[in-house]
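Source file: coords_20.txt (compact mmCIF, C-alpha atoms)
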```
# COMPACT_ATOMS: atom_id res chain seq x y z
CA MET A 1 72.69 14.27 76.61
CA ASN A 2 70.92 17.58 76.46
CA LEU A 3 67.51 18.53 77.77
CA ASP A 4 65.80 17.91 74.45
CA THR A 5 66.81 14.26 74.41
CA ILE A 6 65.81 13.74 78.04
CA VAL A 7 62.37 15.25 77.46
CA PHE A 8 61.94 13.12 74.36
CA PHE A 9 62.80 9.86 76.08
CA VAL A 10 60.69 10.56 79.13
CA SER A 11 57.62 11.44 77.07
CA ALA A 12 58.17 8.55 74.66
CA ILE A 13 58.41 6.07 77.55
CA VAL A 14 55.29 7.54 79.15
CA ALA A 15 53.41 7.34 75.84
CA VAL A 16 54.34 3.69 75.31
CA PHE A 17 53.62 2.85 78.96
CA GLY A 18 50.17 4.40 78.75
CA ALA A 19 49.47 2.57 75.52
CA THR A 20 50.51 -0.73 77.09
CA MET A 21 48.32 -0.17 80.12
CA ILE A 22 45.30 0.48 77.88
CA ILE A 23 45.23 -3.12 76.74
CA ALA A 24 46.43 -4.52 80.07
CA GLN A 25 43.53 -3.15 82.09
CA ARG A 26 40.36 -5.03 82.92
CA ASN A 27 38.39 -1.90 83.74
CA PRO A 28 37.54 0.25 80.68
CA VAL A 29 37.50 3.43 82.79
CA ALA A 30 41.13 2.84 83.78
CA SER A 31 41.91 2.24 80.10
CA VAL A 32 40.45 5.62 79.19
CA LEU A 33 42.51 7.34 81.88
CA TYR A 34 45.69 5.63 80.69
CA PHE A 35 44.84 6.70 77.14
CA ILE A 36 44.71 10.31 78.36
CA VAL A 37 48.15 9.85 79.97
CA SER A 38 49.47 8.55 76.66
CA LEU A 39 47.85 11.45 74.79
CA VAL A 40 49.49 14.05 77.02
CA ALA A 41 52.88 12.43 76.43
CA GLN A 42 52.22 12.42 72.67
CA ALA A 43 51.32 16.11 72.87
CA VAL A 44 54.73 16.73 74.43
CA LEU A 45 56.28 14.93 71.46
CA TYR A 46 54.27 17.15 69.10
CA ILE A 47 55.57 20.26 70.86
CA GLN A 48 59.11 18.95 70.52
CA LEU A 49 58.50 18.56 66.81
CA GLY A 50 57.50 22.22 66.65
CA SER A 51 53.77 21.86 66.08
CA VAL A 52 52.36 23.60 69.12
CA PHE A 53 48.93 24.12 67.62
CA MET A 54 48.41 20.44 66.83
CA ALA A 55 49.45 19.56 70.38
CA ALA A 56 46.74 21.88 71.71
CA VAL A 57 44.21 20.40 69.30
CA LEU A 58 45.21 16.89 70.38
CA ILE A 59 44.64 17.70 74.04
CA ILE A 60 41.41 19.63 73.48
CA VAL A 61 39.76 17.43 70.89
CA TYR A 62 41.08 13.98 71.77
CA ALA A 63 41.51 14.08 75.53
CA GLY A 64 38.76 16.63 76.03
CA ALA A 65 36.03 15.47 73.69
CA ILE A 66 36.55 11.96 72.32
CA MET A 67 37.73 10.42 75.58
CA VAL A 68 34.83 12.03 77.44
CA LEU A 69 32.53 10.44 74.86
CA PHE A 70 34.12 7.07 75.66
CA LEU A 71 33.63 7.68 79.38
CA PHE A 72 29.99 8.62 78.85
CA VAL A 73 29.33 5.42 76.92
CA ILE A 74 31.09 3.28 79.54
CA MET A 75 28.99 4.85 82.29
CA LEU A 76 25.85 4.56 80.16
CA LEU A 77 26.37 0.82 79.68
CA ASN A 78 26.41 0.20 83.46
CA LEU A 79 28.81 -2.72 83.27
CA ARG A 80 28.72 -5.00 86.26
CA GLY A 81 32.18 -6.40 85.69
CA GLN A 82 31.34 -9.96 86.66
CA GLU A 83 31.89 -11.18 83.13
CA ASP A 84 35.23 -12.68 82.21
CA LEU A 85 36.63 -10.53 79.43
CA SER A 86 40.12 -12.02 79.41
CA ASP A 87 41.55 -13.64 76.34
CA ASN A 88 40.66 -17.29 76.80
CA SER A 89 41.56 -18.45 73.33
CA PRO A 90 43.82 -21.50 72.97
CA PRO A 91 47.55 -20.86 73.54
CA VAL A 92 48.48 -21.43 69.91
CA SER A 93 45.99 -18.82 68.75
CA ARG A 94 47.14 -16.40 71.45
CA PHE A 95 50.77 -16.90 70.45
CA THR A 96 49.83 -16.18 66.84
CA LYS A 97 48.26 -12.89 67.87
CA TYR A 98 51.43 -11.77 69.67
CA LEU A 99 53.54 -12.99 66.76
CA VAL A 100 51.52 -11.11 64.15
CA SER A 101 51.76 -7.78 65.97
CA ALA A 102 55.46 -8.31 66.72
CA LEU A 103 56.06 -9.08 63.05
CA LEU A 104 54.20 -5.92 62.08
CA PHE A 105 56.40 -3.87 64.41
CA VAL A 106 59.60 -5.52 63.15
CA GLU A 107 58.52 -4.81 59.59
CA MET A 108 57.98 -1.11 60.29
CA TRP A 109 61.23 -0.95 62.28
CA PHE A 110 63.07 -2.52 59.35
CA VAL A 111 61.60 -0.01 56.91
CA VAL A 112 62.65 2.87 59.15
CA LYS A 113 66.12 1.51 59.86
CA SER A 114 66.94 0.43 56.33
CA GLY A 115 67.31 4.05 55.28
CA PHE A 116 64.06 4.27 53.39
CA PHE A 117 63.45 7.67 54.96
CA ALA A 118 67.09 8.73 55.00
CA ASP A 119 66.39 11.68 52.74
CA ALA A 120 63.72 12.93 55.10
CA GLY A 121 66.09 12.62 58.02
CA GLN A 122 68.75 14.73 56.37
CA VAL A 123 66.54 17.59 55.32
CA GLY A 124 65.17 19.37 58.28
CA VAL A 125 65.32 17.75 61.68
CA MET A 126 68.76 18.97 62.63
CA ALA A 127 68.28 22.38 61.07
CA GLU A 128 66.67 25.29 62.83
CA LEU A 129 63.23 25.92 61.43
CA PRO A 130 61.60 29.28 60.83
CA GLY A 131 59.41 30.49 63.65
CA THR A 132 56.24 30.19 61.63
CA PHE A 133 56.44 26.38 61.43
CA GLY A 134 53.38 24.79 62.96
CA SER A 135 51.72 28.11 63.67
CA VAL A 136 48.00 28.58 63.23
CA GLU A 137 48.57 30.86 60.26
CA GLU A 138 50.65 28.38 58.29
CA ILE A 139 48.33 25.44 58.98
CA ALA A 140 45.28 27.51 58.05
CA THR A 141 46.93 28.67 54.84
CA VAL A 142 47.60 25.10 53.75
CA LEU A 143 44.23 23.83 54.95
CA PHE A 144 42.17 26.49 53.21
CA THR A 145 44.07 26.67 49.94
CA ARG A 146 45.63 23.38 48.89
CA TYR A 147 43.39 21.10 50.92
CA LEU A 148 40.18 23.10 50.74
CA TYR A 149 38.23 20.36 48.95
CA PRO A 150 39.07 17.56 51.44
CA PHE A 151 38.40 19.99 54.26
CA GLU A 152 34.92 20.66 52.95
CA LEU A 153 34.36 16.94 52.49
CA THR A 154 35.06 16.36 56.18
CA SER A 155 32.00 18.44 57.01
CA ILE A 156 29.89 15.95 55.04
CA LEU A 157 31.67 13.13 56.85
CA ILE A 158 30.85 14.66 60.23
CA LEU A 159 27.24 15.18 59.20
CA ALA A 160 26.92 11.55 58.08
CA ALA A 161 28.50 10.41 61.35
CA ILE A 162 26.06 12.47 63.42
CA VAL A 163 23.05 11.15 61.51
CA GLY A 164 24.35 7.58 61.68
CA ALA A 165 25.03 7.75 65.40
CA VAL A 166 21.58 9.16 66.13
CA VAL A 167 19.81 6.63 63.92
CA MET A 168 21.68 3.68 65.40
CA ALA A 169 21.62 4.59 69.07
CA LYS A 170 18.10 6.00 69.22
CA ARG A 171 16.20 2.87 68.15
CA GLU A 172 13.79 1.90 70.91
CA ARG A 173 12.97 -1.63 71.93
CA SER A 174 9.43 -2.29 70.84
CA SER A 175 9.03 -5.37 73.07
CA GLY A 176 7.96 -3.40 76.14
CA THR A 177 6.01 -0.78 74.23
CA PRO A 178 3.50 -2.34 71.85
CA SER A 179 2.12 1.07 71.04
CA ALA A 180 5.32 2.10 69.27
CA PRO A 181 4.27 3.59 65.95
CA SER A 182 7.17 2.22 63.91
CA LYS A 183 6.13 -0.99 62.22
CA GLY A 184 9.25 -1.31 60.13
CA GLN A 185 11.44 -2.56 62.95
CA GLU A 186 9.28 -5.51 63.91
CA PRO A 187 10.98 -8.02 61.58
CA ALA A 188 14.40 -6.91 62.76
CA ASN A 189 13.44 -7.55 66.35
CA THR A 190 12.10 -11.01 65.59
CA VAL A 191 15.39 -11.82 63.95
CA ASP A 192 17.12 -10.64 67.10
CA GLU A 193 14.94 -12.82 69.28
CA VAL A 194 15.62 -15.86 67.10
CA GLY A 195 19.32 -15.14 67.15
CA ARG A 196 19.30 -14.98 70.89
CA MET B 1 67.81 17.22 68.51
CA VAL B 2 66.44 13.73 68.19
CA PRO B 3 66.51 12.37 64.63
CA ILE B 4 63.29 11.60 62.83
CA THR B 5 63.85 7.84 62.75
CA VAL B 6 63.49 7.66 66.53
CA TYR B 7 60.12 9.38 66.33
CA LEU B 8 59.08 6.94 63.63
CA ILE B 9 60.11 4.01 65.81
CA VAL B 10 58.01 5.39 68.69
CA ALA B 11 55.09 5.64 66.27
CA ALA B 12 55.73 2.05 65.15
CA VAL B 13 55.73 0.85 68.77
CA LEU B 14 52.42 2.62 69.42
CA PHE B 15 50.94 1.14 66.25
CA GLY B 16 52.10 -2.36 67.22
CA ILE B 17 50.56 -2.02 70.68
CA GLY B 18 47.32 -0.89 69.06
CA THR B 19 47.33 -3.90 66.74
CA LEU B 20 47.95 -6.22 69.69
CA GLY B 21 45.09 -4.61 71.58
CA VAL B 22 42.67 -5.16 68.71
CA LEU B 23 43.75 -8.78 68.42
CA ILE B 24 43.79 -9.90 72.06
CA SER B 25 41.09 -7.79 73.64
CA ARG B 26 37.62 -9.24 74.28
CA ASN B 27 36.22 -5.92 75.41
CA ILE B 28 34.75 -4.04 72.47
CA ILE B 29 35.42 -0.62 74.04
CA ILE B 30 39.10 -1.43 74.56
CA MET B 31 39.23 -2.59 70.93
CA PHE B 32 37.91 0.82 69.91
CA MET B 33 40.53 2.53 72.01
CA SER B 34 43.23 0.43 70.34
CA ILE B 35 42.01 1.59 66.95
CA GLU B 36 42.21 5.19 68.17
CA LEU B 37 45.75 4.44 69.35
CA MET B 38 46.72 3.28 65.87
CA LEU B 39 45.34 6.52 64.41
CA ASN B 40 47.41 8.42 66.97
CA ALA B 41 50.55 6.58 65.94
CA ALA B 42 49.90 7.55 62.32
CA ASN B 43 49.45 11.16 63.44
CA LEU B 44 52.79 11.13 65.23
CA ALA B 45 54.53 9.80 62.12
CA LEU B 46 52.82 12.47 59.98
CA ILE B 47 53.94 15.26 62.32
CA ALA B 48 57.49 13.89 62.32
CA PHE B 49 57.59 13.82 58.52
CA SER B 50 56.14 17.31 58.37
CA ARG B 51 58.89 18.55 60.67
CA ALA B 52 61.62 16.74 58.77
CA LEU B 53 60.55 17.98 55.35
CA ASN B 54 59.67 21.45 56.68
CA VAL B 55 56.24 21.57 55.06
CA ALA B 56 52.88 22.18 56.72
CA ASP B 57 50.99 19.55 54.71
CA GLY B 58 51.40 16.95 57.43
CA HIS B 59 49.49 19.16 59.83
CA ALA B 60 46.57 19.31 57.41
CA PHE B 61 46.64 15.50 57.18
CA VAL B 62 46.63 15.23 60.95
CA PHE B 63 43.62 17.53 61.01
CA LEU B 64 41.74 15.25 58.62
CA VAL B 65 42.76 12.14 60.59
CA LEU B 66 41.44 13.74 63.78
CA THR B 67 38.13 14.39 62.05
CA VAL B 68 37.89 10.80 60.87
CA ALA B 69 38.75 9.58 64.39
CA ALA B 70 35.98 11.69 65.90
CA ALA B 71 33.43 10.45 63.35
CA GLU B 72 34.55 6.85 63.87
CA ALA B 73 34.26 7.18 67.64
CA ALA B 74 30.75 8.60 67.38
CA VAL B 75 29.46 5.91 65.02
CA GLY B 76 31.34 3.10 66.76
CA LEU B 77 30.11 3.97 70.22
CA ALA B 78 26.54 4.20 68.89
CA MET B 79 27.06 0.68 67.55
CA VAL B 80 28.36 -0.44 70.96
CA ILE B 81 25.25 0.95 72.65
CA THR B 82 22.98 -0.82 70.16
CA LEU B 83 24.86 -4.11 70.57
CA TYR B 84 24.70 -3.84 74.34
CA ARG B 85 20.97 -3.17 74.14
CA ASN B 86 20.45 -6.34 72.14
CA ARG B 87 22.92 -8.70 73.84
CA GLU B 88 23.53 -7.13 77.26
CA THR B 89 27.24 -7.76 76.98
CA ILE B 90 30.27 -6.13 75.41
CA ASN B 91 32.24 -9.35 75.05
CA ILE B 92 33.22 -9.63 71.41
CA ASP B 93 32.90 -13.43 71.49
CA ARG B 94 29.14 -13.16 71.96
CA PHE B 95 28.61 -11.26 68.72
CA ASN B 96 28.86 -14.28 66.44
CA LEU B 97 25.54 -14.07 64.62
CA MET B 98 27.25 -13.45 61.29
CA LYS B 99 29.78 -16.23 61.79
CA TRP B 100 29.49 -18.81 59.08
```
Rewritten as structure tokens:
Amino acid sequence: MNLDTIVFFVSAIVAVFGATMIIAQRNPVASVLYFIVSLVAQAVLYIQLGSVFMAAVLIIVYAGAIMVLFLFVIMLLNLRGQEDLSDNSPPVSRFTKYLVSALLFVEMWFVVKSGFFADAGQVGVMAELPGTFGSVEEIATVLFTRYLYPFELTSILILAAIVGAVVMAKRERSSGTPSAPSKGQEPANTVDEVGR
Amino acid sequence: MVPITVYLIVAAVLFGIGTLGVLISRNIIIMFMSIELMLNAANLALIAFSRALNVADGHAFVFLVLTVAAAEAAVGLAMVITLYRNRETINIDRFNLMKW
């Protein structure tokens, strides 16, 4: 058992442990912190697979930006925590939920183990790869030549996401401010009041 | 060196945990984090395939998946804020207005 295998198993166990604790926690802040633990372990796995740049991007973008966004929203919501958020569905329904996700895992495990990806396993994992694998230069070459069109489309996706987030989160409640100039949201609010 | 199938099984475990989290969680923020976890599991599988086949295309896919995850988090959390403003709760059982 060499060092590579030990590092792999430690980081894989930490990643799965962090993922389990995400859904086991009551407090969303603790869930976010466990997600960051899981992300760091997954970044170690990325480095083991030779993609150092993607590991850095995972830490910087995911743990640094997206998780901070989650934390900001949790703190913005000012949750009191007196509400019971546990799964209080009937036992049969709860058992079905566990069964469905276990079946999904068994299905994927079966696909992996049945040799469906045997060709992929033989090609490169055992072999020593060239030093340029996973470098910024190689990723940029692929991203800006073969996948240039999808890459440009992601900018439109980001723009649509920004506009959508601003439009959805910015809407003011007109109940306390009758002088709000927007008349178009009055019917929506009445529907909300009826629904409540 | 660890074979690729072990990496794929780790990704499958992470995906299964994410699915379980979406199904059993009542907290809408934890449901969002479970969805992000499933995207992460897909990323791990893509990186493993990219390493096994010795091509850089998987890295480009991971890049695009990261972008989609960021956009989804931004829009989804804006939705959470709007829902909380209207209902003053993040319990998913309370959002049953569209239930038939």
Open item on the list: Would you compute the distance between CA of Ile92 in chain B and CA of Arg26 in chain B? Give it in Å to one decimal.
Closed with: 5.3 Å
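CA of Tyr84 in chain B lies 14.1 Å from CA of Leu97 in chain B.
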Task: Neighbours of point (35.2, -13.2, 69.0) within 12 Å, using all atoms listed in the file, written as a ChimeraX atom specification - done: /A:85-89 /B:22-28,31,90-99
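Of the residues listed (A:Leu153, A:Ile6, A:Ala43, A:Ala161), A:Ala43 shows the shortest atom-to-atom separation from Val57 in chain A; distances use all atoms listed in the file.
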- [ ] Up to 7 Å from chain A, what residues of chain B turn up? Count all atoms listed in the file and give them as a PyMOL selection string.
- [x] chain B and resi 1-5+9-10+12-14+16-17+19-21+23-27+30+48+51-54+56-57+59-60+67+70-71+74-75+77-79+81-82+91+97
Task: Contact residues around Phe15 in chain B with all atoms listed in the file at 6 Å, ignoring same-chain residues under 3 positions, as a PyMOL selection string - done: chain B and resi 12+18+38+41
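Going from CA of Met75 in chain A to CA of Val80 in chain B covers 12.5 Å.
Between Ser11 in chain A and the residues A:Ile156, A:Val40, A:Val68, A:Val52, the shortest atom-to-atom distance, using all atoms listed in the file, involves A:Val40.
Non-sequential neighbours of Leu46 in chain B (distance at most 8 Å, separation of 3 or more positions within a chain, all atoms listed in the file) are B:Ala42, B:Asn43, B:Phe49, B:Ser50, B:Gly58, B:His59, B:Phe61, B:Val62.
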